[in-house]
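Novice: Dropping in start.cif, which is mmCIF, C-alpha atoms:
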```
data_input
#
loop_
_atom_site.group_PDB
_atom_site.id
_atom_site.type_symbol
_atom_site.label_atom_id
_atom_site.label_comp_id
_atom_site.auth_asym_id
_atom_site.auth_seq_id
_atom_site.Cartn_x
_atom_site.Cartn_y
_atom_site.Cartn_z
ATOM 1 C CA MET A 300 -18.754 41.583 15.811
ATOM 2 C CA VAL A 301 -16.995 38.226 16.052
ATOM 3 C CA MET A 302 -13.951 39.367 18.015
ATOM 4 C CA GLY A 303 -14.476 39.926 21.729
ATOM 5 C CA ARG A 304 -17.317 37.443 22.221
ATOM 6 C CA CYS A 305 -17.502 35.847 25.619
ATOM 7 C CA ALA A 306 -17.258 32.085 26.003
ATOM 8 C CA ALA A 307 -21.033 31.789 26.354
ATOM 9 C CA CYS A 308 -21.865 33.638 23.170
ATOM 10 C CA LYS A 309 -19.155 31.767 21.297
ATOM 11 C CA TYR A 310 -20.601 28.462 22.456
ATOM 12 C CA LEU A 311 -24.146 29.544 21.683
ATOM 13 C CA ARG A 312 -22.987 30.959 18.367
ATOM 14 C CA LYS A 313 -24.526 34.323 18.772
ATOM 15 C CA ALA A 314 -23.410 37.899 18.901
ATOM 16 C CA CYS A 315 -22.139 39.116 22.246
ATOM 17 C CA PRO A 316 -23.888 42.377 23.075
ATOM 18 C CA GLU A 317 -22.338 45.021 25.285
ATOM 19 C CA ASP A 318 -24.720 44.200 28.108
ATOM 20 C CA CYS A 319 -24.278 40.431 27.797
ATOM 21 C CA ILE A 320 -25.059 38.968 31.198
ATOM 22 C CA PHE A 321 -22.516 36.194 30.745
ATOM 23 C CA ALA A 322 -19.576 38.246 29.484
ATOM 24 C CA PRO A 323 -18.180 39.420 32.841
ATOM 25 C CA TYR A 324 -18.077 35.867 34.181
ATOM 26 C CA PHE A 325 -17.302 33.654 31.225
ATOM 27 C CA PRO A 326 -14.253 35.026 29.447
ATOM 28 C CA SER A 327 -13.435 33.552 26.088
ATOM 29 C CA ASN A 328 -10.157 32.062 27.333
ATOM 30 C CA ASN A 329 -11.988 29.415 29.387
ATOM 31 C CA PRO A 330 -14.699 27.844 27.229
ATOM 32 C CA GLN A 331 -14.954 24.666 29.287
ATOM 33 C CA ARG A 332 -16.322 26.581 32.241
ATOM 34 C CA PHE A 333 -19.402 27.722 30.375
ATOM 35 C CA GLU A 334 -19.829 24.375 28.663
ATOM 36 C CA ASN A 335 -20.033 22.657 32.034
ATOM 37 C CA VAL A 336 -22.555 25.120 33.413
ATOM 38 C CA HIS A 337 -24.643 24.998 30.267
ATOM 39 C CA ARG A 338 -24.604 21.207 30.268
ATOM 40 C CA ILE A 339 -25.987 20.962 33.789
ATOM 41 C CA TYR A 340 -28.113 24.063 34.232
ATOM 42 C CA GLY A 341 -28.708 25.397 30.748
ATOM 43 C CA ALA A 342 -27.786 28.878 29.584
ATOM 44 C CA LYS A 343 -31.310 30.176 30.012
ATOM 45 C CA ASN A 344 -31.547 29.057 33.632
ATOM 46 C CA VAL A 345 -28.161 30.537 34.434
ATOM 47 C CA ALA A 346 -29.156 33.848 32.856
ATOM 48 C CA THR A 347 -32.395 33.837 34.857
ATOM 49 C CA MET A 348 -30.553 33.103 38.096
ATOM 50 C CA LEU A 349 -28.068 35.889 37.463
ATOM 51 C CA LYS A 350 -30.751 38.386 36.551
ATOM 52 C CA GLU A 351 -32.575 37.659 39.782
ATOM 53 C CA LEU A 352 -29.540 38.706 41.777
ATOM 54 C CA GLU A 353 -29.070 42.297 42.808
ATOM 55 C CA PRO A 354 -27.433 44.063 39.859
ATOM 56 C CA LEU A 355 -25.983 46.733 42.152
ATOM 57 C CA GLN A 356 -23.906 44.063 43.829
ATOM 58 C CA PRO A 357 -21.990 42.499 40.948
ATOM 59 C CA TYR A 358 -19.824 40.513 43.279
ATOM 60 C CA LEU A 359 -22.867 38.437 44.172
ATOM 61 C CA ARG A 360 -23.268 37.430 40.561
ATOM 62 C CA ALA A 361 -19.569 36.583 40.384
ATOM 63 C CA GLN A 362 -19.889 34.392 43.472
ATOM 64 C CA ALA A 363 -22.997 32.738 42.081
ATOM 65 C CA VAL A 364 -21.189 31.900 38.863
ATOM 66 C CA GLU A 365 -18.258 30.451 40.777
ATOM 67 C CA THR A 366 -20.495 28.200 42.821
ATOM 68 C CA LEU A 367 -22.534 27.160 39.812
ATOM 69 C CA CYS A 368 -19.347 26.279 37.939
ATOM 70 C CA TYR A 369 -18.125 24.218 40.833
ATOM 71 C CA GLU A 370 -21.411 22.397 41.293
ATOM 72 C CA ALA A 371 -21.678 21.737 37.571
ATOM 73 C CA GLU A 372 -18.194 20.273 37.518
ATOM 74 C CA SER A 373 -19.050 18.142 40.538
ATOM 75 C CA ARG A 374 -22.164 16.846 38.847
ATOM 76 C CA ILE A 375 -20.245 15.987 35.678
ATOM 77 C CA GLN A 376 -17.637 14.133 37.727
ATOM 78 C CA ASN A 377 -20.292 12.375 39.769
ATOM 79 C CA PRO A 378 -23.595 12.315 37.886
ATOM 80 C CA VAL A 379 -25.403 10.496 40.689
ATOM 81 C CA TYR A 380 -24.536 12.593 43.736
ATOM 82 C CA GLY A 381 -22.774 15.712 42.527
ATOM 83 C CA CYS A 382 -21.465 17.892 45.313
ATOM 84 C CA ALA A 383 -24.114 16.559 47.691
ATOM 85 C CA ALA A 384 -21.702 13.692 48.310
ATOM 86 C CA ILE A 385 -19.297 16.100 49.989
ATOM 87 C CA ILE A 386 -22.049 17.460 52.198
ATOM 88 C CA PHE A 387 -23.034 13.980 53.244
ATOM 89 C CA HIS A 388 -19.474 12.984 54.084
ATOM 90 C CA LEU A 389 -18.882 16.175 56.041
ATOM 91 C CA GLN A 390 -22.083 15.566 58.005
ATOM 92 C CA GLN A 391 -20.954 12.056 58.796
ATOM 93 C CA GLN A 392 -17.524 13.220 59.907
ATOM 94 C CA ILE A 393 -19.048 15.905 62.103
ATOM 95 C CA HIS A 394 -21.308 13.335 63.681
ATOM 96 C CA ASN A 395 -18.341 11.071 64.421
ATOM 97 C CA ILE A 396 -16.266 13.889 65.874
ATOM 98 C CA GLU A 397 -19.154 15.057 68.044
ATOM 99 C CA SER A 398 -19.565 11.532 69.411
ATOM 100 C CA GLU A 399 -15.881 11.323 70.182
ATOM 101 C CA LEU A 400 -15.922 14.746 71.795
ATOM 102 C CA ALA A 401 -18.900 13.828 73.960
ATOM 103 C CA LYS A 402 -17.077 10.755 75.174
ATOM 104 C CA LEU A 403 -13.925 12.688 76.016
ATOM 105 C CA ARG A 404 -15.886 15.362 77.856
ATOM 106 C CA ALA A 405 -17.666 12.696 79.854
ATOM 107 C CA GLU A 406 -14.328 11.215 80.845
ATOM 108 C CA ILE A 407 -12.978 14.636 81.786
ATOM 109 C CA ALA A 408 -16.060 15.397 83.861
ATOM 110 C CA ILE A 409 -15.732 12.133 85.747
ATOM 111 C CA LEU A 410 -12.014 12.601 86.289
ATOM 112 C CA SER A 411 -12.366 16.154 87.459
ATOM 113 C CA SER A 412 -15.149 15.332 89.915
ATOM 114 C CA ASN A 413 -13.810 12.043 91.287
ATOM 115 C CA GLY A 414 -10.071 12.377 90.838
ATOM 116 C CA HIS A 415 -8.194 10.157 88.394
ATOM 117 C CA GLY A 416 -7.350 7.464 90.979
ATOM 118 C CA GLN A 417 -10.378 5.557 89.771
ATOM 119 C CA ALA A 418 -9.107 5.424 86.194
ATOM 120 C CA SER A 419 -9.798 1.737 85.616
ATOM 121 C CA GLU A 420 -13.441 1.951 86.637
ATOM 122 C CA ILE A 421 -13.848 5.061 84.546
ATOM 123 C CA GLN A 422 -12.321 3.305 81.527
ATOM 124 C CA LEU A 423 -14.852 0.510 81.842
ATOM 125 C CA SER A 424 -17.793 2.900 81.962
ATOM 126 C CA THR A 425 -16.511 5.082 79.089
ATOM 127 C CA ASP A 426 -15.874 1.983 76.974
ATOM 128 C CA GLN A 427 -19.528 1.144 77.504
ATOM 129 C CA VAL A 428 -20.411 4.702 76.451
ATOM 130 C CA HIS A 429 -18.201 4.302 73.392
ATOM 131 C CA GLU A 430 -19.863 1.007 72.455
ATOM 132 C CA ASP A 431 -23.282 2.584 72.800
ATOM 133 C CA GLN A 432 -22.261 5.535 70.660
ATOM 134 C CA SER A 433 -20.500 3.323 68.103
ATOM 135 C CA GLY A 434 -23.668 1.323 67.768
ATOM 136 C CA SER A 435 -25.685 4.441 67.076
ATOM 137 C CA SER A 436 -23.119 6.077 64.801
ATOM 138 C CA SER A 437 -22.891 3.001 62.596
ATOM 139 C CA LYS A 438 -26.487 3.526 61.600
ATOM 140 C CA ALA A 439 -27.519 6.252 59.198
ATOM 141 C CA PRO A 440 -27.823 9.573 60.977
ATOM 142 C CA ASN A 441 -31.331 10.458 62.052
ATOM 143 C CA TRP A 442 -31.790 13.202 59.509
ATOM 144 C CA PHE A 443 -34.797 15.348 59.729
ATOM 145 C CA ILE A 444 -36.098 18.114 57.661
ATOM 146 C CA MET B 184 -58.118 9.513 17.138
ATOM 147 C CA LYS B 185 -55.816 10.915 14.466
ATOM 148 C CA GLY B 186 -52.664 9.078 13.556
ATOM 149 C CA THR B 187 -50.846 6.983 16.066
ATOM 150 C CA HIS B 188 -50.483 8.210 19.596
ATOM 151 C CA ALA B 189 -48.713 6.843 22.593
ATOM 152 C CA PRO B 190 -51.213 5.324 25.014
ATOM 153 C CA ARG B 191 -52.382 7.923 27.497
ATOM 154 C CA SER B 192 -51.239 7.274 31.025
ATOM 155 C CA SER B 193 -54.066 7.125 33.496
ATOM 156 C CA SER B 194 -52.187 9.556 35.758
ATOM 157 C CA SER B 195 -49.485 11.919 34.635
ATOM 158 C CA CYS B 196 -46.351 12.246 36.708
ATOM 159 C CA ALA B 197 -45.521 15.605 38.276
ATOM 160 C CA ALA B 198 -43.113 16.388 35.461
ATOM 161 C CA CYS B 199 -45.557 15.785 32.658
ATOM 162 C CA LYS B 200 -48.246 17.698 34.522
ATOM 163 C CA LEU B 201 -45.979 20.705 34.831
ATOM 164 C CA LEU B 202 -44.751 20.390 31.267
ATOM 165 C CA LYS B 203 -48.319 19.885 30.088
ATOM 166 C CA ARG B 204 -47.639 16.846 28.055
ATOM 167 C CA ARG B 205 -48.766 13.260 27.937
ATOM 168 C CA CYS B 206 -47.078 10.972 30.398
ATOM 169 C CA VAL B 207 -46.098 7.896 28.454
ATOM 170 C CA PRO B 208 -45.377 4.540 30.108
ATOM 171 C CA THR B 209 -41.690 4.977 29.312
ATOM 172 C CA CYS B 210 -41.526 8.454 30.838
ATOM 173 C CA ILE B 211 -38.105 8.824 32.447
ATOM 174 C CA PHE B 212 -39.470 11.154 35.110
ATOM 175 C CA ALA B 213 -42.496 9.131 36.179
ATOM 176 C CA PRO B 214 -40.798 6.704 38.603
ATOM 177 C CA HIS B 215 -39.149 9.564 40.476
ATOM 178 C CA PHE B 216 -41.527 12.499 40.346
ATOM 179 C CA ARG B 217 -44.864 11.297 41.579
ATOM 180 C CA SER B 218 -47.934 13.368 40.911
ATOM 181 C CA ASP B 219 -48.418 13.993 44.636
ATOM 182 C CA GLU B 220 -45.041 15.771 44.835
ATOM 183 C CA PRO B 221 -45.402 18.603 42.339
ATOM 184 C CA LEU B 222 -43.031 20.946 44.151
ATOM 185 C CA LYS B 223 -40.149 18.527 43.916
ATOM 186 C CA PHE B 224 -40.102 18.579 40.128
ATOM 187 C CA ALA B 225 -40.946 22.261 39.996
ATOM 188 C CA LYS B 226 -37.807 23.100 41.946
ATOM 189 C CA VAL B 227 -35.587 20.762 39.970
ATOM 190 C CA HIS B 228 -36.993 22.130 36.727
ATOM 191 C CA LYS B 229 -36.445 25.725 37.838
ATOM 192 C CA VAL B 230 -32.782 25.136 38.609
ATOM 193 C CA PHE B 231 -31.698 22.501 36.138
ATOM 194 C CA GLY B 232 -34.357 22.405 33.466
ATOM 195 C CA ALA B 233 -36.346 19.341 32.454
ATOM 196 C CA SER B 234 -34.241 18.472 29.439
ATOM 197 C CA ASN B 235 -31.008 18.602 31.437
ATOM 198 C CA VAL B 236 -32.501 16.421 34.146
ATOM 199 C CA SER B 237 -33.636 13.958 31.504
ATOM 200 C CA LYS B 238 -30.122 13.834 30.063
ATOM 201 C CA ILE B 239 -28.548 13.354 33.476
ATOM 202 C CA LEU B 240 -30.964 10.544 34.319
ATOM 203 C CA SER B 241 -30.433 8.827 31.001
ATOM 204 C CA GLU B 242 -26.695 8.801 31.632
ATOM 205 C CA VAL B 243 -26.878 6.959 34.943
ATOM 206 C CA PRO B 244 -27.848 3.331 35.517
ATOM 207 C CA GLU B 245 -31.507 2.828 36.292
ATOM 208 C CA GLU B 246 -30.819 1.556 39.783
ATOM 209 C CA GLN B 247 -29.047 4.807 40.635
ATOM 210 C CA ARG B 248 -31.668 7.166 39.269
ATOM 211 C CA GLU B 249 -33.556 7.512 42.522
ATOM 212 C CA ASP B 250 -30.393 8.663 44.296
ATOM 213 C CA THR B 251 -29.638 10.972 41.387
ATOM 214 C CA VAL B 252 -33.074 12.558 41.640
ATOM 215 C CA SER B 253 -32.688 12.898 45.395
ATOM 216 C CA SER B 254 -29.374 14.701 45.046
ATOM 217 C CA LEU B 255 -30.711 16.930 42.270
ATOM 218 C CA ALA B 256 -33.757 17.795 44.375
ATOM 219 C CA TYR B 257 -31.526 18.567 47.327
ATOM 220 C CA GLU B 258 -29.198 20.778 45.302
ATOM 221 C CA ALA B 259 -32.129 22.559 43.716
ATOM 222 C CA GLU B 260 -33.701 23.216 47.112
ATOM 223 C CA VAL B 261 -30.440 24.573 48.521
ATOM 224 C CA ARG B 262 -29.836 26.720 45.451
ATOM 225 C CA LEU B 263 -33.311 28.202 45.645
ATOM 226 C CA ARG B 264 -32.819 28.986 49.328
ATOM 227 C CA ASP B 265 -29.377 30.452 48.700
ATOM 228 C CA PRO B 266 -29.193 31.662 45.097
ATOM 229 C CA VAL B 267 -25.634 32.921 45.440
ATOM 230 C CA TYR B 268 -23.789 30.123 47.179
ATOM 231 C CA GLY B 269 -26.037 27.071 46.926
ATOM 232 C CA CYS B 270 -24.429 23.880 48.185
ATOM 233 C CA ILE B 271 -21.025 25.517 48.355
ATOM 234 C CA GLY B 272 -22.264 27.695 51.176
ATOM 235 C CA ALA B 273 -23.362 24.589 53.010
ATOM 236 C CA ILE B 274 -20.003 22.913 52.422
ATOM 237 C CA ALA B 275 -18.164 25.991 53.666
ATOM 238 C CA MET B 276 -20.277 26.100 56.807
ATOM 239 C CA LEU B 277 -19.705 22.420 57.487
ATOM 240 C CA GLN B 278 -15.966 22.794 56.963
ATOM 241 C CA GLY B 279 -15.917 25.611 59.458
ATOM 242 C CA LYS B 280 -17.836 23.497 61.933
ATOM 243 C CA MET B 281 -15.386 20.644 61.481
ATOM 244 C CA VAL B 282 -12.433 22.938 62.145
ATOM 245 C CA GLU B 283 -14.069 24.105 65.362
ATOM 246 C CA LEU B 284 -14.850 20.569 66.462
ATOM 247 C CA GLN B 285 -11.319 19.395 65.707
ATOM 248 C CA HIS B 286 -10.061 22.271 67.820
ATOM 249 C CA ASP B 287 -12.391 21.306 70.660
ATOM 250 C CA LEU B 288 -11.282 17.694 70.312
ATOM 251 C CA ALA B 289 -7.621 18.669 70.578
ATOM 252 C CA ILE B 290 -8.350 20.696 73.696
ATOM 253 C CA ALA B 291 -10.286 17.831 75.240
ATOM 254 C CA ARG B 292 -7.520 15.354 74.498
ATOM 255 C CA ALA B 293 -4.908 17.669 75.953
ATOM 256 C CA ARG B 294 -6.999 18.122 79.060
ATOM 257 C CA LEU B 295 -7.490 14.397 79.405
ATOM 258 C CA SER B 296 -3.770 13.856 79.012
ATOM 259 C CA SER B 297 -3.141 16.350 81.780
ATOM 260 C CA TYR B 298 -4.954 13.967 84.120
ATOM 261 C CA GLY B 299 -2.432 11.349 83.158
ATOM 262 C CA HIS B 300 -5.284 9.471 81.516
ATOM 263 C CA PRO B 301 -4.340 7.518 78.393
ATOM 264 C CA THR B 302 -6.134 8.642 75.251
ATOM 265 C CA SER B 303 -5.389 5.490 73.231
ATOM 266 C CA SER B 304 -8.878 4.220 73.945
ATOM 267 C CA VAL B 305 -10.266 7.058 71.863
ATOM 268 C CA SER B 306 -11.363 5.766 68.520
ATOM 269 C CA SER B 307 -8.992 6.721 65.733
ATOM 270 C CA THR B 308 -11.584 6.013 63.085
ATOM 271 C CA SER B 309 -12.935 9.510 62.908
ATOM 272 C CA ALA B 310 -9.436 11.013 63.021
ATOM 273 C CA SER B 311 -8.210 8.912 60.101
ATOM 274 C CA SER B 312 -11.416 9.490 58.151
ATOM 275 C CA TYR B 313 -11.096 13.202 58.684
ATOM 276 C CA ALA B 314 -7.479 13.074 57.545
ATOM 277 C CA MET B 315 -8.599 11.281 54.408
ATOM 278 C CA LEU B 316 -11.295 13.876 53.788
ATOM 279 C CA GLU B 317 -8.825 16.669 54.448
ATOM 280 C CA ASP B 318 -6.406 15.196 51.917
ATOM 281 C CA HIS B 319 -9.090 15.151 49.282
ATOM 282 C CA LEU B 320 -10.340 18.626 50.040
ATOM 283 C CA GLY B 321 -6.769 19.828 49.741
ATOM 284 C CA GLU B 322 -5.597 23.187 50.943
ATOM 285 C CA ALA B 323 -8.863 24.910 50.229
ATOM 286 C CA ASN B 324 -10.582 26.096 53.332
ATOM 287 C CA PHE B 325 -14.016 27.577 53.082
ATOM 288 C CA ALA B 326 -14.399 28.297 56.757
ATOM 289 C CA GLY B 327 -14.314 31.979 55.833
ATOM 290 C CA PHE B 328 -16.685 31.600 52.907
ATOM 291 C CA PRO B 329 -18.209 33.734 51.492
ATOM 292 C CA ALA B 330 -15.398 36.134 52.417
ATOM 293 C CA CYS B 331 -13.036 33.961 50.397
ATOM 294 C CA SER B 332 -13.624 34.769 46.775
ATOM 295 C CA GLY B 333 -10.970 32.836 44.897
ATOM 296 C CA PHE B 334 -11.793 29.388 46.097
ATOM 297 C CA SER B 335 -12.514 27.457 42.985
ATOM 298 C CA ASN B 336 -8.978 27.015 41.726
ATOM 299 C CA GLY B 337 -7.673 25.244 44.767
ATOM 300 C CA PHE B 338 -10.860 23.506 45.720
ATOM 301 C CA SER B 339 -12.237 22.061 42.546
ATOM 302 C CA GLN B 340 -9.404 19.765 41.591
ATOM 303 C CA SER B 341 -8.969 17.993 44.897
ATOM 304 C CA SER B 342 -12.635 17.895 45.718
ATOM 305 C CA THR B 343 -13.644 16.462 42.391
ATOM 306 C CA GLU B 344 -11.099 13.725 42.944
ATOM 307 C CA PHE B 345 -12.798 13.105 46.242
ATOM 308 C CA ILE B 346 -16.180 12.977 44.602
ATOM 309 C CA SER B 347 -15.092 10.520 41.958
ATOM 310 C CA GLN B 348 -13.575 8.246 44.571
ATOM 311 C CA HIS B 349 -16.178 8.490 47.261
ATOM 312 C CA GLY B 350 -19.350 9.490 45.525
ATOM 313 C CA THR B 351 -21.038 6.116 45.538
ATOM 314 C CA THR B 352 -22.548 6.232 48.977
ATOM 315 C CA GLY B 353 -25.696 4.490 47.876
ATOM 316 C CA GLY B 354 -29.150 5.025 49.314
ATOM 317 C CA PHE B 355 -28.403 7.621 51.934
ATOM 318 C CA SER B 356 -30.839 10.115 53.331
ATOM 319 C CA TYR B 357 -30.212 13.780 52.959
ATOM 320 C CA PRO B 358 -29.161 16.044 55.753
ATOM 321 C CA PRO B 359 -31.368 18.909 56.814
ATOM 322 C CA TYR B 360 -31.122 22.027 54.735
ATOM 323 C CA ILE B 361 -28.370 24.075 56.216
ATOM 324 C CA GLN B 362 -29.398 27.596 57.102
#
```
I need this file expressed as C-alpha cells, please.

Specialist:
Amino acid sequence: MVMGRCAACKYLRKACPEDCIFAPYFPSNNPQRFENVHRIYGAKNVATMLKELEPLQPYLRAQAVETLCYEAESRIQNPVYGCAAIIFHLQQQIHNIESELAKLRAEIAILSSNGHGQASEIQLSTDQVHEDQSGSSSKAPNWFI
Amino acid sequence: MKGTHAPRSSSSCAACKLLKRRCVPTCIFAPHFRSDEPLKFAKVHKVFGASNVSKILSEVPEEQREDTVSSLAYEAEVRLRDPVYGCIGAIAMLQGKMVELQHDLAIARARLSSYGHPTSSVSSTSASSYAMLEDHLGEANFAGFPACSGFSNGFSQSSTEFISQHGTTGGFSYPPYIQ
C-alpha cells in the first residue's frame, strides 16, 4: 500500500509493513531526516542499532533516533569533525574555566589566611600562577584514554 | 592468472582484511586503518558502514582524512559504549559541567570581590570564549539530558552553525571517552 509509508520506506522505495522499525521515528512529513541518517549511517546499520535496543522501552529507540539524526546532520555540516568538534571545544572551555577557578581559589585562600592588606604581594604571586597556567593551557590538553 | 587483476598488496589494511578483499595500492582506507589496528575499523564499520566511510573520506581533502578518521573512530566508540545517546550524551554531560563551573566561578569572583580585591586581573579569555560558545549553542541546554526529550529542534540549528564556523580545529587529540 503506497499511502501511509514512512519516510524511510518511501526513500528506500519499498512497502512499509505494519511492524516497520523506522515508521515510528521517521514520519513521511520529514524526509530529509531519514536521508541524512541513511547517508551517514546507512539504513541497515540504523535498523540494527534500533533492534538492539530494548523493545519494551520505546522511548530509548526514540532518543537513539534523535541523537543519530543530530550526529548525522553534524557530520554533513562538518564532514571532517562532525559533532566531535563540539566535544573538543567544550573540553577546552572546561579546562580554561577550571584553570581560572583554581587561580581565584588560590587568591581567596591566601586572602582569607593572611588578610587582604598584602594585596600587592598576592597579586604578584597570582600573576605568576596565571602565567604558569596560561603557558600550560596554551598547549593541547594532556588527553589520555 | 586470469584476466587483469590489480597488483596484490603485500599487506592488507585492516579494512580490506575485515572486508575480505584485496587491498589495492589506491585503497582509500589503507593510510588510516593499519593492519595492526583491526578494532578501529571494526568499530567504524559497525556504526557507519564501510561504504559510507569511503564516501565521507572521498569528500574531504586528503590532508584532512586522518582527522576525519579520528573523529569517526571516536564517534563510533562513543556510540558503541552508549547506543542510545552517543556523542550527544557526552555533550550534554559537558554542558552540565560547564554550567556548574561557571556557577563556581561566579561564587569565587563574588567572594574575591568581598575582600575588596580587584578581579580585573582575571583573564577574560575564557569568559568571552564561553560566551561565544553559548551563543552558538543557543538556548538549548542539555544539562538535564537525557531527561530532556525535545532537544533537537532548538539545538541543531545553532550548533550546526557553530560546527560550520569552528569545526576546523586541525590535528587535535581526542578527549577521553566520557562515562

Novice: Quick one: residues within 10 Å of Arg304 (chain A), only C-alpha atoms, excluding same-chain residues fewer than 2 positions away - as a list in words?

Specialist: Met300, Val301, Met302, Ala306, Ala307, Cys308, Lys309, Tyr310, Arg312, Lys313, Ala314, Cys315, Pro316, Glu317, Cys319, Ala322, Phe325, Pro326 and Ser327 of chain A

Novice: Hey, can you spit out that residue selection with C-alpha atoms as a PDB file, in the coordinates of the input?

Specialist:
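Dumped everything to result.pdb:
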```pdb
ATOM      1  CA  MET A 300     -18.754  41.583  15.811  1.00  0.00           C
ATOM      2  CA  VAL A 301     -16.995  38.226  16.052  1.00  0.00           C
ATOM      3  CA  MET A 302     -13.951  39.367  18.015  1.00  0.00           C
ATOM      4  CA  ALA A 306     -17.258  32.085  26.003  1.00  0.00           C
ATOM      5  CA  ALA A 307     -21.033  31.789  26.354  1.00  0.00           C
ATOM      6  CA  CYS A 308     -21.865  33.638  23.170  1.00  0.00           C
ATOM      7  CA  LYS A 309     -19.155  31.767  21.297  1.00  0.00           C
ATOM      8  CA  TYR A 310     -20.601  28.462  22.456  1.00  0.00           C
ATOM      9  CA  ARG A 312     -22.987  30.959  18.367  1.00  0.00           C
ATOM     10  CA  LYS A 313     -24.526  34.323  18.772  1.00  0.00           C
ATOM     11  CA  ALA A 314     -23.410  37.899  18.901  1.00  0.00           C
ATOM     12  CA  CYS A 315     -22.139  39.116  22.246  1.00  0.00           C
ATOM     13  CA  PRO A 316     -23.888  42.377  23.075  1.00  0.00           C
ATOM     14  CA  GLU A 317     -22.338  45.021  25.285  1.00  0.00           C
ATOM     15  CA  CYS A 319     -24.278  40.431  27.797  1.00  0.00           C
ATOM     16  CA  ALA A 322     -19.576  38.246  29.484  1.00  0.00           C
ATOM     17  CA  PHE A 325     -17.302  33.654  31.225  1.00  0.00           C
ATOM     18  CA  PRO A 326     -14.253  35.026  29.447  1.00  0.00           C
ATOM     19  CA  SER A 327     -13.435  33.552  26.088  1.00  0.00           C
TER      20      SER A 327
END
```

Novice: Fewer than 3 positions away in the same chain doesn't count, so skip those; otherwise give me all residues within 9 Å of Glu370 (chain A), counting all atoms listed in the file, as a PDB file with C-alpha atoms, in the coordinates of the input.

Specialist:
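Here's the written file selection.pdb:
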```
ATOM      1  CA  VAL A 336     -22.555  25.120  33.413  1.00  0.00           C
ATOM      2  CA  ILE A 339     -25.987  20.962  33.789  1.00  0.00           C
ATOM      3  CA  GLU A 365     -18.258  30.451  40.777  1.00  0.00           C
ATOM      4  CA  THR A 366     -20.495  28.200  42.821  1.00  0.00           C
ATOM      5  CA  LEU A 367     -22.534  27.160  39.812  1.00  0.00           C
ATOM      6  CA  SER A 373     -19.050  18.142  40.538  1.00  0.00           C
ATOM      7  CA  ARG A 374     -22.164  16.846  38.847  1.00  0.00           C
ATOM      8  CA  ILE A 375     -20.245  15.987  35.678  1.00  0.00           C
ATOM      9  CA  GLY A 381     -22.774  15.712  42.527  1.00  0.00           C
ATOM     10  CA  CYS A 382     -21.465  17.892  45.313  1.00  0.00           C
TER      11      CYS A 382
ATOM     12  CA  GLU B 258     -29.198  20.778  45.302  1.00  0.00           C
ATOM     13  CA  GLY B 269     -26.037  27.071  46.926  1.00  0.00           C
ATOM     14  CA  CYS B 270     -24.429  23.880  48.185  1.00  0.00           C
ATOM     15  CA  ILE B 271     -21.025  25.517  48.355  1.00  0.00           C
TER      16      ILE B 271
END
```

Novice: How would you write, as a short mmCIF file (atom, residue, chain, number, x, y, z; two decimals) with C-alpha atoms, keeping the file's coordinate frame, the residues chosen by the PyMOL selection byres ((chain B and resi 261) around 12) on this structure?

Specialist:
```cif
data_model
loop_
_atom_site.label_atom_id
_atom_site.label_comp_id
_atom_site.auth_asym_id
_atom_site.auth_seq_id
_atom_site.Cartn_x
_atom_site.Cartn_y
_atom_site.Cartn_z
CA GLU A 370 -21.41 22.40 41.29
CA CYS A 382 -21.46 17.89 45.31
CA ALA A 383 -24.11 16.56 47.69
CA ILE A 386 -22.05 17.46 52.20
CA LYS B 226 -37.81 23.10 41.95
CA VAL B 227 -35.59 20.76 39.97
CA VAL B 230 -32.78 25.14 38.61
CA SER B 254 -29.37 14.70 45.05
CA LEU B 255 -30.71 16.93 42.27
CA ALA B 256 -33.76 17.80 44.38
CA TYR B 257 -31.53 18.57 47.33
CA GLU B 258 -29.20 20.78 45.30
CA ALA B 259 -32.13 22.56 43.72
CA GLU B 260 -33.70 23.22 47.11
CA ARG B 262 -29.84 26.72 45.45
CA LEU B 263 -33.31 28.20 45.64
CA ARG B 264 -32.82 28.99 49.33
CA ASP B 265 -29.38 30.45 48.70
CA PRO B 266 -29.19 31.66 45.10
CA VAL B 267 -25.63 32.92 45.44
CA TYR B 268 -23.79 30.12 47.18
CA GLY B 269 -26.04 27.07 46.93
CA CYS B 270 -24.43 23.88 48.18
CA ILE B 271 -21.02 25.52 48.36
CA GLY B 272 -22.26 27.70 51.18
CA ALA B 273 -23.36 24.59 53.01
CA ILE B 274 -20.00 22.91 52.42
CA TYR B 357 -30.21 13.78 52.96
CA PRO B 358 -29.16 16.04 55.75
CA PRO B 359 -31.37 18.91 56.81
CA TYR B 360 -31.12 22.03 54.74
CA ILE B 361 -28.37 24.08 56.22
CA GLN B 362 -29.40 27.60 57.10
#
```

Novice: If we count only C-alpha atoms, what is near region 387-400 of chain A at a cut-off of 6 Å, once residues fewer than 2 positions away on the same chain are taken out, given as JSON, numbers by chain?

Specialist: {"A": [384, 385, 402, 403], "B": [288, 309]}

Novice: Need the shell around region 237-247 of chain B: protein/DNA/RNA residues with any atom at most 7 Å away, counting all atoms listed in the file. Skip same-chain ones fewer than 4 positions apart. Format as a PyMOL selection string?

Specialist: (chain A and resi 378-379) or (chain B and resi 211+233+251)

Novice: Please, what distance in Å, to one decimal, runs between CA of Val236 (chain B) and CA of Ser218 (chain B)?

Specialist: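 For CA of Val236 (chain B) relative to CA of Ser218 (chain B), the distance reads 17.1 Å.
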
Novice: I'd like the interatomic distance between CA of Gly232 (chain B) and CA of Leu355 (chain A), to a tenth of an Å.

Specialist: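 Computed distance, CA of Gly232 (chain B) to CA of Leu355 (chain A), equals 27.2 Å.
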
Novice: Which residue out of A:Gln376, A:Val364, A:Ala401, A:Asn413 has the minimum interatomic distance to Lys350 (chain A) when all atoms listed in the file are used?

Specialist: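 Among the listed residues, the smallest separation from Lys350 (chain A) belongs to A:Val364.
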
Novice: Given the file above and the PyMOL selection byres ((chain B and resi 219) around 12), which residues are selected, and can you give them as a ChimeraX atom specification?

Specialist: /B:194-198,200,213,215-218,220-224

Novice: Could you please determine the separation between CA of Pro357 (chain A) and CA of Ile320 (chain A) in Å, to one decimal place?

Specialist: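 Between CA of Pro357 (chain A) and CA of Ile320 (chain A) the gap works out to 10.8 Å.
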
Novice: Taking all atoms listed in the file into account, name the residue in A:Ala363, A:Leu352, A:Ala405, A:Leu311 that is nearest to chain B.

Specialist: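 So, comparing all the options, the nearest one is A:Ala363.
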